[in-house]
Amino acid sequence: MTSQNRSCPRAAANASVRTSRFTTGLVVTFLLLFSMAPLLAVADLPGDAQGTVAAVFPPGTGKEEAMTAVTEADGLVIRTGSWDTVLIVHSDISGFAKRLREAGAWLVADPQTAAGCLLIGKTDINT
């Protein structure tokens, strides 16, 4: 048996390990997202909410696009969160949460509730 023939089972075993790790990572990610869904649903504010809120926009939304959406919802950006898709915003006009959702926000939550990983960010909104 040549050394080339002996290495094929190793390559197959390595591919199997990589596939297993990928599958495990996919399952863990799914379970994490699935377990967070009820928490996010509870944190979501009613449509008539106003004041200072955390607005979470879909992944891939640029900072400029998210800020424009807040402005269109009659709001003012106070600061950004950990990602460009998370903003702390304010409006004294009733129905702010509903308008943010109509402008594209996935989640509108009390900033104190969402404080964890969503809000650790920059205070300078011009960066």
# chains A, B, ... in the order shown; residues from 1 in each chain; ligands from 1
>>> residues_around(residues="stretch 64-74 of chain A", least_positions_apart="3", cutoff="8 Å", atoms="only C-alpha atoms", output="mmCIF file with N, CA and C atoms, in the first residue's frame")
data_model
loop_
_atom_site.group_PDB
_atom_site.id
_atom_site.type_symbol
_atom_site.label_atom_id
_atom_site.label_comp_id
_atom_site.auth_asym_id
_atom_site.auth_seq_id
_atom_site.Cartn_x
_atom_site.Cartn_y
_atom_site.Cartn_z
ATOM 1 N N PHE A 57 -32.159 47.649 14.174
ATOM 2 C CA PHE A 57 -32.458 47.481 12.764
ATOM 3 C C PHE A 57 -31.853 46.181 12.254
ATOM 4 N N THR A 61 -27.954 46.784 7.800
ATOM 5 C CA THR A 61 -28.396 48.172 7.714
ATOM 6 C C THR A 61 -27.219 49.072 8.067
ATOM 7 N N VAL A 77 -31.417 60.819 17.138
ATOM 8 C CA VAL A 77 -30.432 59.823 17.563
ATOM 9 C C VAL A 77 -29.626 60.389 18.722
ATOM 10 N N ASP A 84 -23.759 49.244 14.213
ATOM 11 C CA ASP A 84 -24.431 50.365 13.541
ATOM 12 C C ASP A 84 -25.934 50.165 13.460
ATOM 13 N N THR A 85 -26.387 48.949 13.659
ATOM 14 C CA THR A 85 -27.818 48.654 13.560
ATOM 15 C C THR A 85 -28.562 48.876 14.873
ATOM 16 N N LEU A 87 -29.393 51.705 17.788
ATOM 17 C CA LEU A 87 -29.338 53.128 18.111
ATOM 18 C C LEU A 87 -30.195 53.425 19.332
ATOM 19 N N VAL A 89 -32.473 56.257 20.668
ATOM 20 C CA VAL A 89 -33.170 57.366 19.999
ATOM 21 C C VAL A 89 -34.250 57.943 20.905
ATOM 22 N N SER A 91 -37.998 60.515 21.018
ATOM 23 C CA SER A 91 -39.066 61.340 20.464
ATOM 24 C C SER A 91 -40.139 61.485 21.527
ATOM 25 N N ILE A 93 -43.171 62.384 20.657
ATOM 26 C CA ILE A 93 -44.431 62.226 19.930
ATOM 27 C C ILE A 93 -44.939 60.796 20.104
ATOM 28 N N PHE A 96 -44.130 56.616 18.574
ATOM 29 C CA PHE A 96 -42.752 56.558 18.085
ATOM 30 C C PHE A 96 -42.316 55.131 17.774
ATOM 31 N N ARG A 99 -43.785 53.956 14.511
ATOM 32 C CA ARG A 99 -43.150 54.610 13.369
ATOM 33 C C ARG A 99 -41.752 54.048 13.115
ATOM 34 N N LEU A 100 -41.030 53.715 14.171
ATOM 35 C CA LEU A 100 -39.705 53.107 13.995
ATOM 36 C C LEU A 100 -39.825 51.749 13.301
ATOM 37 N N ALA A 103 -40.442 52.180 9.764
ATOM 38 C CA ALA A 103 -39.231 52.645 9.093
ATOM 39 C C ALA A 103 -38.178 51.540 8.980
ATOM 40 N N GLY A 104 -38.475 50.352 9.546
ATOM 41 C CA GLY A 104 -37.565 49.218 9.379
ATOM 42 C C GLY A 104 -36.974 48.604 10.625
#
>>> closest_residue(among="A:Thr23, A:Gly75, A:Ala97, A:Ser82", to="A:Asp110", atoms="only C-alpha atoms")
A:Ala97
>>> atom_distance(atom1="atom CA of A:Ala105", atom2="atom CA of A:Ile88")
12.0 Å
>>> closest_residue(among="A:Ala55, A:Gly62, A:Gln50, A:Leu107", to="A:Val86", atoms="only C-alpha atoms")
A:Ala55
>>> closest_residue(among="A:Gln112, A:Thr24, A:Thr80, A:Thr52", to="A:Asp92", atoms="only C-alpha atoms")
A:Thr52
>>> atom_distance(atom1="atom CA of A:Gly81", atom2="atom CA of A:Ala109")
12.9 Å
>>> decode(residues="stretch 67-110 of chain A", atoms="N, CA and C atoms", output="PDB file, in the first residue's frame")
ATOM      1  N   MET A  67     -30.015  55.907  10.780  1.00  0.00           N
ATOM      2  CA  MET A  67     -30.247  57.272  11.267  1.00  0.00           C
ATOM      3  C   MET A  67     -31.328  57.975  10.442  1.00  0.00           C
ATOM      4  N   THR A  68     -31.337  57.735   9.148  1.00  0.00           N
ATOM      5  CA  THR A  68     -32.374  58.306   8.285  1.00  0.00           C
ATOM      6  C   THR A  68     -33.741  57.763   8.674  1.00  0.00           C
ATOM      7  N   ALA A  69     -33.808  56.467   8.976  1.00  0.00           N
ATOM      8  CA  ALA A  69     -35.077  55.862   9.392  1.00  0.00           C
ATOM      9  C   ALA A  69     -35.584  56.496  10.682  1.00  0.00           C
ATOM     10  N   VAL A  70     -34.680  56.772  11.618  1.00  0.00           N
ATOM     11  CA  VAL A  70     -35.066  57.415  12.881  1.00  0.00           C
ATOM     12  C   VAL A  70     -35.601  58.817  12.613  1.00  0.00           C
ATOM     13  N   THR A  71     -34.932  59.552  11.754  1.00  0.00           N
ATOM     14  CA  THR A  71     -35.382  60.901  11.409  1.00  0.00           C
ATOM     15  C   THR A  71     -36.761  60.860  10.759  1.00  0.00           C
ATOM     16  N   GLU A  72     -36.976  59.897   9.862  1.00  0.00           N
ATOM     17  CA  GLU A  72     -38.279  59.757   9.206  1.00  0.00           C
ATOM     18  C   GLU A  72     -39.384  59.410  10.203  1.00  0.00           C
ATOM     19  N   ALA A  73     -38.999  58.786  11.325  1.00  0.00           N
ATOM     20  CA  ALA A  73     -39.965  58.431  12.368  1.00  0.00           C
ATOM     21  C   ALA A  73     -40.126  59.561  13.391  1.00  0.00           C
ATOM     22  N   ASP A  74     -39.643  60.742  13.051  1.00  0.00           N
ATOM     23  CA  ASP A  74     -39.715  61.922  13.922  1.00  0.00           C
ATOM     24  C   ASP A  74     -38.915  61.743  15.206  1.00  0.00           C
ATOM     25  N   GLY A  75     -37.751  61.106  15.088  1.00  0.00           N
ATOM     26  CA  GLY A  75     -36.907  60.880  16.250  1.00  0.00           C
ATOM     27  C   GLY A  75     -35.553  61.536  16.121  1.00  0.00           C
ATOM     28  N   LEU A  76     -34.825  61.517  17.207  1.00  0.00           N
ATOM     29  CA  LEU A  76     -33.488  62.088  17.295  1.00  0.00           C
ATOM     30  C   LEU A  76     -32.543  61.003  17.809  1.00  0.00           C
ATOM     31  N   VAL A  77     -31.417  60.819  17.138  1.00  0.00           N
ATOM     32  CA  VAL A  77     -30.432  59.823  17.563  1.00  0.00           C
ATOM     33  C   VAL A  77     -29.626  60.389  18.722  1.00  0.00           C
ATOM     34  N   ILE A  78     -29.572  59.636  19.816  1.00  0.00           N
ATOM     35  CA  ILE A  78     -28.802  60.049  20.989  1.00  0.00           C
ATOM     36  C   ILE A  78     -27.410  59.436  20.953  1.00  0.00           C
ATOM     37  N   ARG A  79     -27.333  58.145  20.628  1.00  0.00           N
ATOM     38  CA  ARG A  79     -26.039  57.463  20.537  1.00  0.00           C
ATOM     39  C   ARG A  79     -26.202  56.151  19.806  1.00  0.00           C
ATOM     40  N   THR A  80     -25.071  55.561  19.448  1.00  0.00           N
ATOM     41  CA  THR A  80     -25.088  54.258  18.791  1.00  0.00           C
ATOM     42  C   THR A  80     -24.827  53.164  19.811  1.00  0.00           C
ATOM     43  N   GLY A  81     -25.137  51.942  19.416  1.00  0.00           N
ATOM     44  CA  GLY A  81     -24.857  50.782  20.251  1.00  0.00           C
ATOM     45  C   GLY A  81     -23.585  50.097  19.800  1.00  0.00           C
ATOM     46  N   SER A  82     -23.475  48.815  20.101  1.00  0.00           N
ATOM     47  CA  SER A  82     -22.299  48.041  19.717  1.00  0.00           C
ATOM     48  C   SER A  82     -22.158  47.919  18.211  1.00  0.00           C
ATOM     49  N   TRP A  83     -23.268  47.887  17.518  1.00  0.00           N
ATOM     50  CA  TRP A  83     -23.286  47.770  16.060  1.00  0.00           C
ATOM     51  C   TRP A  83     -24.009  48.978  15.486  1.00  0.00           C
ATOM     52  N   ASP A  84     -23.759  49.244  14.213  1.00  0.00           N
ATOM     53  CA  ASP A  84     -24.431  50.365  13.541  1.00  0.00           C
ATOM     54  C   ASP A  84     -25.934  50.165  13.460  1.00  0.00           C
ATOM     55  N   THR A  85     -26.387  48.949  13.659  1.00  0.00           N
ATOM     56  CA  THR A  85     -27.818  48.654  13.560  1.00  0.00           C
ATOM     57  C   THR A  85     -28.562  48.876  14.873  1.00  0.00           C
ATOM     58  N   VAL A  86     -27.863  49.288  15.914  1.00  0.00           N
ATOM     59  CA  VAL A  86     -28.482  49.539  17.213  1.00  0.00           C
ATOM     60  C   VAL A  86     -28.288  51.008  17.573  1.00  0.00           C
ATOM     61  N   LEU A  87     -29.393  51.705  17.788  1.00  0.00           N
ATOM     62  CA  LEU A  87     -29.338  53.128  18.111  1.00  0.00           C
ATOM     63  C   LEU A  87     -30.195  53.425  19.332  1.00  0.00           C
ATOM     64  N   ILE A  88     -29.742  54.362  20.157  1.00  0.00           N
ATOM     65  CA  ILE A  88     -30.559  54.901  21.239  1.00  0.00           C
ATOM     66  C   ILE A  88     -31.147  56.184  20.677  1.00  0.00           C
ATOM     67  N   VAL A  89     -32.473  56.257  20.668  1.00  0.00           N
ATOM     68  CA  VAL A  89     -33.170  57.366  19.999  1.00  0.00           C
ATOM     69  C   VAL A  89     -34.250  57.943  20.905  1.00  0.00           C
ATOM     70  N   HIS A  90     -34.734  59.134  20.553  1.00  0.00           N
ATOM     71  CA  HIS A  90     -35.719  59.799  21.399  1.00  0.00           C
ATOM     72  C   HIS A  90     -36.739  60.555  20.555  1.00  0.00           C
ATOM     73  N   SER A  91     -37.998  60.515  21.018  1.00  0.00           N
ATOM     74  CA  SER A  91     -39.066  61.340  20.464  1.00  0.00           C
ATOM     75  C   SER A  91     -40.139  61.485  21.527  1.00  0.00           C
ATOM     76  N   ASP A  92     -40.683  62.684  21.637  1.00  0.00           N
ATOM     77  CA  ASP A  92     -41.777  62.934  22.578  1.00  0.00           C
ATOM     78  C   ASP A  92     -43.150  62.752  21.927  1.00  0.00           C
ATOM     79  N   ILE A  93     -43.171  62.384  20.657  1.00  0.00           N
ATOM     80  CA  ILE A  93     -44.431  62.226  19.930  1.00  0.00           C
ATOM     81  C   ILE A  93     -44.939  60.796  20.104  1.00  0.00           C
ATOM     82  N   SER A  94     -46.181  60.651  20.541  1.00  0.00           N
ATOM     83  CA  SER A  94     -46.787  59.337  20.743  1.00  0.00           C
ATOM     84  C   SER A  94     -46.759  58.522  19.445  1.00  0.00           C
ATOM     85  N   GLY A  95     -46.573  57.228  19.583  1.00  0.00           N
ATOM     86  CA  GLY A  95     -46.539  56.335  18.426  1.00  0.00           C
ATOM     87  C   GLY A  95     -45.146  56.171  17.842  1.00  0.00           C
ATOM     88  N   PHE A  96     -44.130  56.616  18.574  1.00  0.00           N
ATOM     89  CA  PHE A  96     -42.752  56.558  18.085  1.00  0.00           C
ATOM     90  C   PHE A  96     -42.316  55.131  17.774  1.00  0.00           C
ATOM     91  N   ALA A  97     -42.614  54.188  18.662  1.00  0.00           N
ATOM     92  CA  ALA A  97     -42.213  52.796  18.449  1.00  0.00           C
ATOM     93  C   ALA A  97     -42.828  52.238  17.162  1.00  0.00           C
ATOM     94  N   LYS A  98     -44.095  52.542  16.930  1.00  0.00           N
ATOM     95  CA  LYS A  98     -44.763  52.074  15.710  1.00  0.00           C
ATOM     96  C   LYS A  98     -44.102  52.679  14.471  1.00  0.00           C
ATOM     97  N   ARG A  99     -43.785  53.956  14.511  1.00  0.00           N
ATOM     98  CA  ARG A  99     -43.150  54.610  13.369  1.00  0.00           C
ATOM     99  C   ARG A  99     -41.752  54.048  13.115  1.00  0.00           C
ATOM    100  N   LEU A 100     -41.030  53.715  14.171  1.00  0.00           N
ATOM    101  CA  LEU A 100     -39.705  53.107  13.995  1.00  0.00           C
ATOM    102  C   LEU A 100     -39.825  51.749  13.301  1.00  0.00           C
ATOM    103  N   ARG A 101     -40.813  50.950  13.712  1.00  0.00           N
ATOM    104  CA  ARG A 101     -41.015  49.653  13.067  1.00  0.00           C
ATOM    105  C   ARG A 101     -41.384  49.837  11.592  1.00  0.00           C
ATOM    106  N   GLU A 102     -42.238  50.807  11.318  1.00  0.00           N
ATOM    107  CA  GLU A 102     -42.618  51.082   9.930  1.00  0.00           C
ATOM    108  C   GLU A 102     -41.417  51.547   9.107  1.00  0.00           C
ATOM    109  N   ALA A 103     -40.442  52.180   9.764  1.00  0.00           N
ATOM    110  CA  ALA A 103     -39.231  52.645   9.093  1.00  0.00           C
ATOM    111  C   ALA A 103     -38.178  51.540   8.980  1.00  0.00           C
ATOM    112  N   GLY A 104     -38.475  50.352   9.546  1.00  0.00           N
ATOM    113  CA  GLY A 104     -37.565  49.218   9.379  1.00  0.00           C
ATOM    114  C   GLY A 104     -36.974  48.604  10.625  1.00  0.00           C
ATOM    115  N   ALA A 105     -37.232  49.153  11.804  1.00  0.00           N
ATOM    116  CA  ALA A 105     -36.664  48.577  13.033  1.00  0.00           C
ATOM    117  C   ALA A 105     -37.282  47.215  13.323  1.00  0.00           C
ATOM    118  N   TRP A 106     -36.449  46.263  13.677  1.00  0.00           N
ATOM    119  CA  TRP A 106     -36.931  44.928  14.060  1.00  0.00           C
ATOM    120  C   TRP A 106     -37.436  44.922  15.493  1.00  0.00           C
ATOM    121  N   LEU A 107     -36.777  45.693  16.352  1.00  0.00           N
ATOM    122  CA  LEU A 107     -37.083  45.688  17.779  1.00  0.00           C
ATOM    123  C   LEU A 107     -36.985  47.111  18.303  1.00  0.00           C
ATOM    124  N   VAL A 108     -37.960  47.501  19.114  1.00  0.00           N
ATOM    125  CA  VAL A 108     -37.931  48.783  19.811  1.00  0.00           C
ATOM    126  C   VAL A 108     -38.110  48.452  21.290  1.00  0.00           C
ATOM    127  N   ALA A 109     -37.067  48.707  22.088  1.00  0.00           N
ATOM    128  CA  ALA A 109     -37.074  48.271  23.484  1.00  0.00           C
ATOM    129  C   ALA A 109     -36.639  49.403  24.408  1.00  0.00           C
ATOM    130  N   ASP A 110     -36.975  49.230  25.668  1.00  0.00           N
ATOM    131  CA  ASP A 110     -36.491  50.130  26.709  1.00  0.00           C
ATOM    132  C   ASP A 110     -34.971  50.002  26.746  1.00  0.00           C
TER     133      ASP A 110
END
